[in-house]
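**Student:** Coordinates in target.cif, mmCIF, C-alpha atoms and all ligand atoms, are listed below.
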data_input
loop_
_atom_site.group_PDB
_atom_site.id
_atom_site.type_symbol
_atom_site.label_atom_id
_atom_site.label_comp_id
_atom_site.auth_asym_id
_atom_site.auth_seq_id
_atom_site.Cartn_x
_atom_site.Cartn_y
_atom_site.Cartn_z
ATOM 1 C CA MET A 1 120.168 71.676 90.440
ATOM 2 C CA TYR A 2 120.427 68.267 88.874
ATOM 3 C CA PHE A 3 118.381 65.979 86.666
ATOM 4 C CA HIS A 4 118.006 62.207 86.983
ATOM 5 C CA GLY A 5 115.066 61.764 84.586
ATOM 6 C CA ARG A 6 112.669 60.151 87.099
ATOM 7 C CA PRO A 7 109.309 61.846 87.702
ATOM 8 C CA CYS A 8 108.435 63.324 91.122
ATOM 9 C CA LYS A 9 105.392 62.182 93.158
ATOM 10 C CA GLN A 10 103.269 64.644 91.183
ATOM 11 C CA GLY A 11 104.529 63.185 87.919
ATOM 12 C CA HIS A 12 106.733 66.098 86.832
ATOM 13 C CA THR A 13 109.846 64.932 84.995
ATOM 14 C CA LEU A 14 111.909 68.012 85.741
ATOM 15 C CA ARG A 15 115.193 69.126 87.280
ATOM 16 C CA ARG A 16 115.544 68.815 91.041
ATOM 17 C CA THR A 17 116.751 71.414 93.484
ATOM 18 C CA SER A 18 119.659 70.530 95.790
ATOM 19 C CA ASP A 19 117.149 69.370 98.448
ATOM 20 C CA ARG A 20 115.535 66.880 96.007
ATOM 21 C CA HIS A 21 112.332 68.843 95.226
ATOM 22 C CA CYS A 22 111.312 69.061 91.581
ATOM 23 C CA VAL A 23 111.472 72.664 90.355
ATOM 24 C CA GLU A 24 107.721 72.825 89.658
ATOM 25 C CA CYS A 25 106.771 71.428 93.092
ATOM 26 C CA ASN A 26 109.352 73.678 94.715
ATOM 27 C CA ALA A 27 107.864 76.728 93.007
ATOM 28 C CA LYS A 28 104.405 75.676 94.224
ATOM 29 C CA ARG A 29 105.734 75.200 97.769
ATOM 30 C CA ASN A 30 107.157 78.713 97.631
ATOM 31 C CA ARG A 31 103.906 80.168 96.314
ATOM 32 C CA ASP A 32 101.922 78.389 99.054
ATOM 33 C CA TRP A 33 104.311 79.606 101.726
ATOM 34 C CA GLN A 34 104.107 83.158 100.348
ATOM 35 C CA SER A 35 100.309 83.235 100.414
ATOM 36 C CA ALA A 36 100.256 81.686 103.912
ATOM 37 C CA ASN A 37 102.845 84.178 105.242
ATOM 38 C CA PRO A 38 102.211 87.386 103.299
ATOM 39 C CA SER A 39 104.039 89.769 105.626
ATOM 40 C CA ALA A 40 107.069 87.507 106.063
ATOM 41 C CA ALA A 41 107.156 86.973 102.296
ATOM 42 C CA ASN A 42 106.987 90.720 101.751
ATOM 43 C CA LEU A 43 109.909 91.281 104.098
ATOM 44 C CA LYS A 44 111.936 88.533 102.470
ATOM 45 C CA ASN A 45 111.174 89.968 99.025
ATOM 46 C CA ARG A 46 112.203 93.453 100.031
ATOM 47 C CA GLU A 47 115.418 92.114 101.524
ATOM 48 C CA TRP A 48 116.163 90.189 98.327
ATOM 49 C CA ARG A 49 115.506 93.255 96.150
ATOM 50 C CA LYS A 50 117.830 95.304 98.346
ATOM 51 C CA ASN A 51 120.618 92.720 98.027
ATOM 52 C CA ASN A 52 120.077 92.102 94.295
ATOM 53 C CA PRO A 53 119.325 95.507 92.762
ATOM 54 C CA GLU A 54 120.458 94.464 89.265
ATOM 55 C CA LYS A 55 118.441 91.244 89.186
ATOM 56 C CA SER A 56 115.487 93.051 90.700
ATOM 57 C CA ARG A 57 115.516 95.704 87.970
ATOM 58 C CA ALA A 58 115.859 93.052 85.268
ATOM 59 C CA GLN A 59 112.927 91.170 86.799
ATOM 60 C CA GLY A 60 110.876 94.363 86.860
ATOM 61 C CA ARG A 61 111.612 95.039 83.196
ATOM 62 C CA LYS A 62 110.642 91.489 82.280
ATOM 63 C CA ARG A 63 107.381 91.662 84.242
ATOM 64 C CA TYR A 64 106.575 95.012 82.627
ATOM 65 C CA ALA A 65 107.209 93.641 79.119
ATOM 66 C CA ARG A 66 105.150 90.507 79.814
ATOM 67 C CA LYS A 67 102.225 92.519 81.150
ATOM 68 C CA LYS A 68 102.348 94.866 78.204
ATOM 69 C CA ALA A 69 102.530 92.029 75.672
ATOM 70 C CA ALA A 70 99.639 90.138 77.283
ATOM 71 C CA ASP A 71 97.215 93.062 77.087
ATOM 72 C CA PRO A 72 98.555 96.547 76.384
ATOM 73 C CA ARG A 73 95.190 97.998 77.466
ATOM 74 C CA LYS A 74 95.590 96.664 81.016
ATOM 75 C CA TYR A 75 98.989 98.256 81.193
ATOM 76 C CA MET A 76 97.589 101.531 79.857
ATOM 77 C CA LEU A 77 94.825 101.454 82.449
ATOM 78 C CA THR A 78 97.327 100.888 85.273
ATOM 79 C CA CYS A 79 99.340 103.891 84.054
ATOM 80 C CA ALA A 80 96.214 106.030 83.657
ATOM 81 C CA ARG A 81 95.148 105.231 87.221
ATOM 82 C CA ARG A 82 98.564 106.202 88.509
ATOM 83 C CA ARG A 83 98.601 109.479 86.541
ATOM 84 C CA ALA A 84 95.050 110.230 87.671
ATOM 85 C CA ARG A 85 96.002 109.677 91.305
ATOM 86 C CA VAL A 86 99.043 111.942 91.003
ATOM 87 C CA ARG A 87 97.113 114.713 89.230
ATOM 88 C CA GLY A 88 93.907 114.377 91.225
ATOM 89 C CA LEU A 89 91.867 113.357 88.172
ATOM 90 C CA GLU A 90 88.855 111.118 87.957
ATOM 91 C CA CYS A 91 89.549 107.640 86.532
ATOM 92 C CA THR A 92 86.412 105.570 86.023
ATOM 93 C CA ILE A 93 87.257 103.832 82.747
ATOM 94 C CA ALA A 94 87.510 100.052 82.406
ATOM 95 C CA VAL A 95 89.789 98.084 80.100
ATOM 96 C CA THR A 96 86.914 97.841 77.601
ATOM 97 C CA ASP A 97 86.819 101.647 77.293
ATOM 98 C CA ILE A 98 90.326 101.514 75.841
ATOM 99 C CA ILE A 99 90.192 100.789 72.139
ATOM 100 C CA ILE A 100 93.511 100.562 70.337
ATOM 101 C CA PRO A 101 92.978 101.423 66.673
ATOM 102 C CA THR A 102 95.331 100.309 63.916
ATOM 103 C CA HIS A 103 96.329 103.911 63.189
ATOM 104 C CA CYS A 104 96.803 107.020 65.272
ATOM 105 C CA PRO A 105 93.529 108.978 64.914
ATOM 106 C CA LEU A 106 95.448 112.269 65.113
ATOM 107 C CA LEU A 107 98.386 111.676 62.772
ATOM 108 C CA GLY A 108 97.226 108.662 60.778
ATOM 109 C CA THR A 109 100.434 106.731 61.511
ATOM 110 C CA LEU A 110 100.405 102.985 62.136
ATOM 111 C CA LEU A 111 100.351 102.171 65.861
ATOM 112 C CA VAL A 112 102.998 99.715 67.033
ATOM 113 C CA VAL A 113 102.905 97.987 70.412
ATOM 114 C CA ASN A 114 106.500 97.890 71.661
ATOM 115 C CA GLU A 115 107.644 95.369 74.220
ATOM 116 C CA GLY A 116 110.196 97.481 76.000
ATOM 117 C CA ALA A 117 110.189 101.246 76.287
ATOM 118 C CA HIS A 118 107.575 103.011 74.169
ATOM 119 C CA GLY A 119 108.440 104.324 70.731
ATOM 120 C CA PRO A 120 106.949 107.276 68.833
ATOM 121 C CA ASN A 121 104.137 105.139 67.410
ATOM 122 C CA SER A 122 103.301 103.228 70.560
ATOM 123 C CA PRO A 123 99.664 103.553 71.559
ATOM 124 C CA SER A 124 99.139 106.167 74.227
ATOM 125 C CA LEU A 125 95.981 106.934 76.178
ATOM 126 C CA ASP A 126 94.880 110.516 75.731
ATOM 127 C CA ARG A 127 92.098 112.489 77.344
ATOM 128 C CA VAL A 128 90.237 114.362 74.612
ATOM 129 C CA PHE A 129 89.135 117.133 76.947
ATOM 130 C CA ASN A 130 91.853 118.120 79.398
ATOM 131 C CA SER A 131 89.266 119.426 81.829
ATOM 132 C CA TYR A 132 87.773 115.921 82.184
ATOM 133 C CA GLY A 133 89.489 112.900 83.680
ATOM 134 C CA TYR A 134 89.789 109.319 82.402
ATOM 135 C CA VAL A 135 86.041 108.903 82.128
ATOM 136 C CA PRO A 136 84.186 106.762 79.564
ATOM 137 C CA GLY A 137 83.860 108.708 76.329
ATOM 138 C CA ASN A 138 86.769 111.061 77.058
ATOM 139 C CA VAL A 139 89.618 108.673 76.310
ATOM 140 C CA VAL A 140 91.150 107.918 72.967
ATOM 141 C CA VAL A 141 94.253 105.968 71.990
ATOM 142 C CA VAL A 142 96.656 108.022 69.906
ATOM 143 C CA SER A 143 100.332 107.592 69.068
ATOM 144 C CA HIS A 144 102.801 108.453 71.776
ATOM 145 C CA GLN A 145 104.337 111.152 69.590
ATOM 146 C CA ALA A 146 100.997 112.804 68.847
ATOM 147 C CA ASN A 147 100.276 112.813 72.558
ATOM 148 C CA ALA A 148 103.687 114.089 73.608
ATOM 149 C CA ARG A 149 104.372 116.511 70.771
ATOM 150 C CA LYS A 150 101.027 118.225 70.496
ATOM 151 C CA GLY A 151 102.749 121.553 71.147
ATOM 152 C CA GLU A 152 105.694 121.141 68.786
ATOM 153 C CA LEU A 153 104.418 119.856 65.466
ATOM 154 C CA SER A 154 105.056 121.173 61.964
ATOM 155 C CA SER A 155 102.160 123.239 60.684
ATOM 156 C CA PRO A 156 100.817 120.656 58.167
ATOM 157 C CA ASP A 157 100.801 118.014 60.920
ATOM 158 C CA LEU A 158 99.272 120.487 63.317
ATOM 159 C CA ARG A 159 96.469 121.238 60.872
ATOM 160 C CA THR A 160 95.806 117.504 60.493
ATOM 161 C CA LEU A 161 95.838 117.187 64.267
ATOM 162 C CA THR A 162 93.459 120.052 64.898
ATOM 163 C CA ARG A 163 91.064 118.910 62.208
ATOM 164 C CA ASN A 164 90.961 115.408 63.703
ATOM 165 C CA LEU A 165 90.907 116.737 67.271
ATOM 166 C CA ALA A 166 87.745 118.689 66.505
ATOM 167 C CA ARG A 167 86.150 115.459 65.290
ATOM 168 C CA LEU A 168 87.276 113.544 68.404
ATOM 169 C CA GLU A 169 85.921 116.287 70.674
ATOM 170 C CA ARG A 170 82.584 116.165 68.912
ATOM 171 C CA ASP A 171 82.453 112.340 69.195
ATOM 172 C CA ALA A 172 83.552 112.411 72.851
ATOM 173 C CA MET A 173 80.934 115.006 73.740
ATOM 174 C CA HIS A 174 78.246 112.879 72.100
ATOM 175 C CA ALA A 175 79.552 109.747 73.836
ATOM 176 C CA MET A 176 79.613 111.442 77.251
ATOM 177 C CA ILE A 177 76.114 112.876 76.834
ATOM 178 C CA LYS A 178 74.842 109.369 76.035
ATOM 179 C CA LYS A 179 76.395 107.853 79.238
HETATM 180 ZN ZN ZN A 201 106.941 67.887 90.971
#
Please express the file's structure as C-alpha cells.
**Tutor:**
Amino acid sequence: MYFHGRPCKQGHTLRRTSDRHCVECNAKRNRDWQSANPSAANLKNREWRKNNPEKSRAQGRKRYARKKAADPRKYMLTCARRRARVRGLECTIAVTDIIIPTHCPLLGTLLVVNEGAHGPNSPSLDRVFNSYGYVPGNVVVVSHQANARKGELSSPDLRTLTRNLARLERDAMHAMIKK
C-alpha cells in the first residue's frame, strides 16, 4: 500500500494497492469478481478461512456485532429461525413482529442492547406459549436473564414473573385470535 495523493480515474483520493489500484476501486473489482464467479469465490473464501482461523473468527465477531448494532431485531429473527429449524418449530414472524420494549416485561429491568456477547439484560425473544412456535402474537421480547432463568428465580421475582406472564399469555391469546 502507498499513497501519492493523486485521485484515481473514478476520482477517489485514496491509498493504492501494490498494483496501482485505489483501495475503493480494488474493493469494487473484488466484489464484481465475486458476484461473477460465486463458486470460485466461495472456494477461495473457504480456503482463506482455513488458513487464517484467527482472522476469520475476528471477522465473524465484527460482522456479528455490526449486524446486531444495525438492527437487533434482524439478528433476533435470524437466531429465532435457526432455533426453530433445529427444534422443528414454526417461524412465521417478520422483523416488525419483534418489538423491543425499554424494560423487560417480566422483571421490569431496563433492557440493554450489547454489542458483543449478550448480558443479563440483553433483549431476548421469548415464545409466550411453549406449545406454539415463533408465530405473530406469540413472541415477546424479555431480558435474557428472565428468559434463561425462568426456572431458578427467587420467590419474589418468580411471583412478579408469573403475574406478568399471565398477562402476556392473555394478550398473546387475544392477539393470535385476532390474526
Ligand atoms: Zn478509485
**Student:** Select the residues contacting ligand ZN 201 (chain A) at a distance of at most 8 Å, based on all atoms listed in the file, then format the selection as number ranges by chain.
**Tutor:** A: 7-14, 21-26
**Student:** Measure the distance from CA of Arg16 in chain A to CA of Arg57 in chain A in Å and round it to one decimal.
**Tutor:**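 Pair CA of Arg16 in chain A / CA of Arg57 in chain A returns 27.1 Å.
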**Student:** Work out how far CA of Asn121 in chain A is from CA of Thr102 in chain A, in Å to one decimal.
**Tutor:** 10.6 Å
**Student:** Between CA of Leu125 in chain A and CA of Val139 in chain A, what is the spacing in Å?
**Tutor:**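 Here the two named atoms are 6.6 Å from each other.
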**Student:** Which residue is closest to Lys178 in chain A? Choose from A:Ser131, A:Gly137, A:Thr17, A:Val95 and count only C-alpha atoms.
**Tutor:**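 Nearest to Lys178 in chain A: A:Gly137.
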**Student:** Nearest residue to Ala172 in chain A out of A:Gly119, A:Gly60, A:Pro136, A:Pro53, using only C-alpha atoms?
**Tutor:**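 Ranked by minimum distance to Ala172 in chain A, first place goes to A:Pro136.
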**Student:** If we count only C-alpha atoms and set the cut-off at 12 Å, which residues sit around Tyr64 in chain A, ignoring sequence neighbours fewer than 2 positions away in its own chain? Please answer as a PDB file with C-alpha atoms, keeping the file's coordinate frame.
**Tutor:**
ATOM      1  CA  ARG A  57     115.516  95.704  87.970  1.00  0.00           C
ATOM      2  CA  ALA A  58     115.859  93.052  85.268  1.00  0.00           C
ATOM      3  CA  GLN A  59     112.927  91.170  86.799  1.00  0.00           C
ATOM      4  CA  GLY A  60     110.876  94.363  86.860  1.00  0.00           C
ATOM      5  CA  ARG A  61     111.612  95.039  83.196  1.00  0.00           C
ATOM      6  CA  LYS A  62     110.642  91.489  82.280  1.00  0.00           C
ATOM      7  CA  ARG A  66     105.150  90.507  79.814  1.00  0.00           C
ATOM      8  CA  LYS A  67     102.225  92.519  81.150  1.00  0.00           C
ATOM      9  CA  LYS A  68     102.348  94.866  78.204  1.00  0.00           C
ATOM     10  CA  ALA A  69     102.530  92.029  75.672  1.00  0.00           C
ATOM     11  CA  ALA A  70      99.639  90.138  77.283  1.00  0.00           C
ATOM     12  CA  ASP A  71      97.215  93.062  77.087  1.00  0.00           C
ATOM     13  CA  PRO A  72      98.555  96.547  76.384  1.00  0.00           C
ATOM     14  CA  LYS A  74      95.590  96.664  81.016  1.00  0.00           C
ATOM     15  CA  TYR A  75      98.989  98.256  81.193  1.00  0.00           C
ATOM     16  CA  MET A  76      97.589 101.531  79.857  1.00  0.00           C
ATOM     17  CA  THR A  78      97.327 100.888  85.273  1.00  0.00           C
ATOM     18  CA  CYS A  79      99.340 103.891  84.054  1.00  0.00           C
ATOM     19  CA  ASN A 114     106.500  97.890  71.661  1.00  0.00           C
ATOM     20  CA  GLU A 115     107.644  95.369  74.220  1.00  0.00           C
ATOM     21  CA  GLY A 116     110.196  97.481  76.000  1.00  0.00           C
ATOM     22  CA  ALA A 117     110.189 101.246  76.287  1.00  0.00           C
ATOM     23  CA  HIS A 118     107.575 103.011  74.169  1.00  0.00           C
TER      24      HIS A 118
END
**Student:** Point out the residue among A:Gly133, A:Ile100, A:Ser143, A:Asn37 with the least atom-to-atom distance to Gly88 in chain A, counting all atoms listed in the file.
**Tutor:**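 That would be A:Gly133, the residue with the smallest distance to Gly88 in chain A.
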**Student:** Just checking: using all atoms listed in the file, which residue out of A:Leu106, A:Met173, A:Ala80, A:Val86 ends up closest to Arg149 in chain A?
**Tutor:**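 Checking each of A:Leu106, A:Met173, A:Ala80, A:Val86 against Arg149 in chain A, counting all atoms listed in the file, the winner is A:Leu106.
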**Student:** Can you work out which one of A:Ser35, A:Ala146, A:Leu168, A:Arg127 has the shortest atom-to-atom distance to Arg83 in chain A, counting all atoms listed in the file?
**Tutor:**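 Of A:Ser35, A:Ala146, A:Leu168, A:Arg127, the one nearest Arg83 in chain A, counting all atoms listed in the file, is A:Arg127.
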**Student:** Measuring atom to atom with only C-alpha atoms, identify which of A:Leu43, A:Ala65, A:Leu107, A:Met176 is nearest to Pro156 in chain A.
**Tutor:**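 Closest to Pro156 in chain A of all the choices is A:Leu107.
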**Student:** Since I can't run it myself right now, could you work out what the PyMOL selection byres (((chain A and resi 145) around 12) and not hetatm) selects here and report it as an NGL selection string?
**Tutor:** :A and (104-112 or 118-126 or 141-144 or 146-153 or 157 or 161)
**Student:** Using the file's own x, y and z axes, so that the box edges lie along x, y and z, what centre and edge lengths in Å (one decimal) does a box around every listed atom of range 35-39 of chain A get when 6 Å is added on each side? Give it as AutoDock Vina command-line options.
**Tutor:**
--center_x 102.1 --center_y 85.7 --center_z 103.0 --size_x 15.8 --size_y 20.1 --size_z 17.2
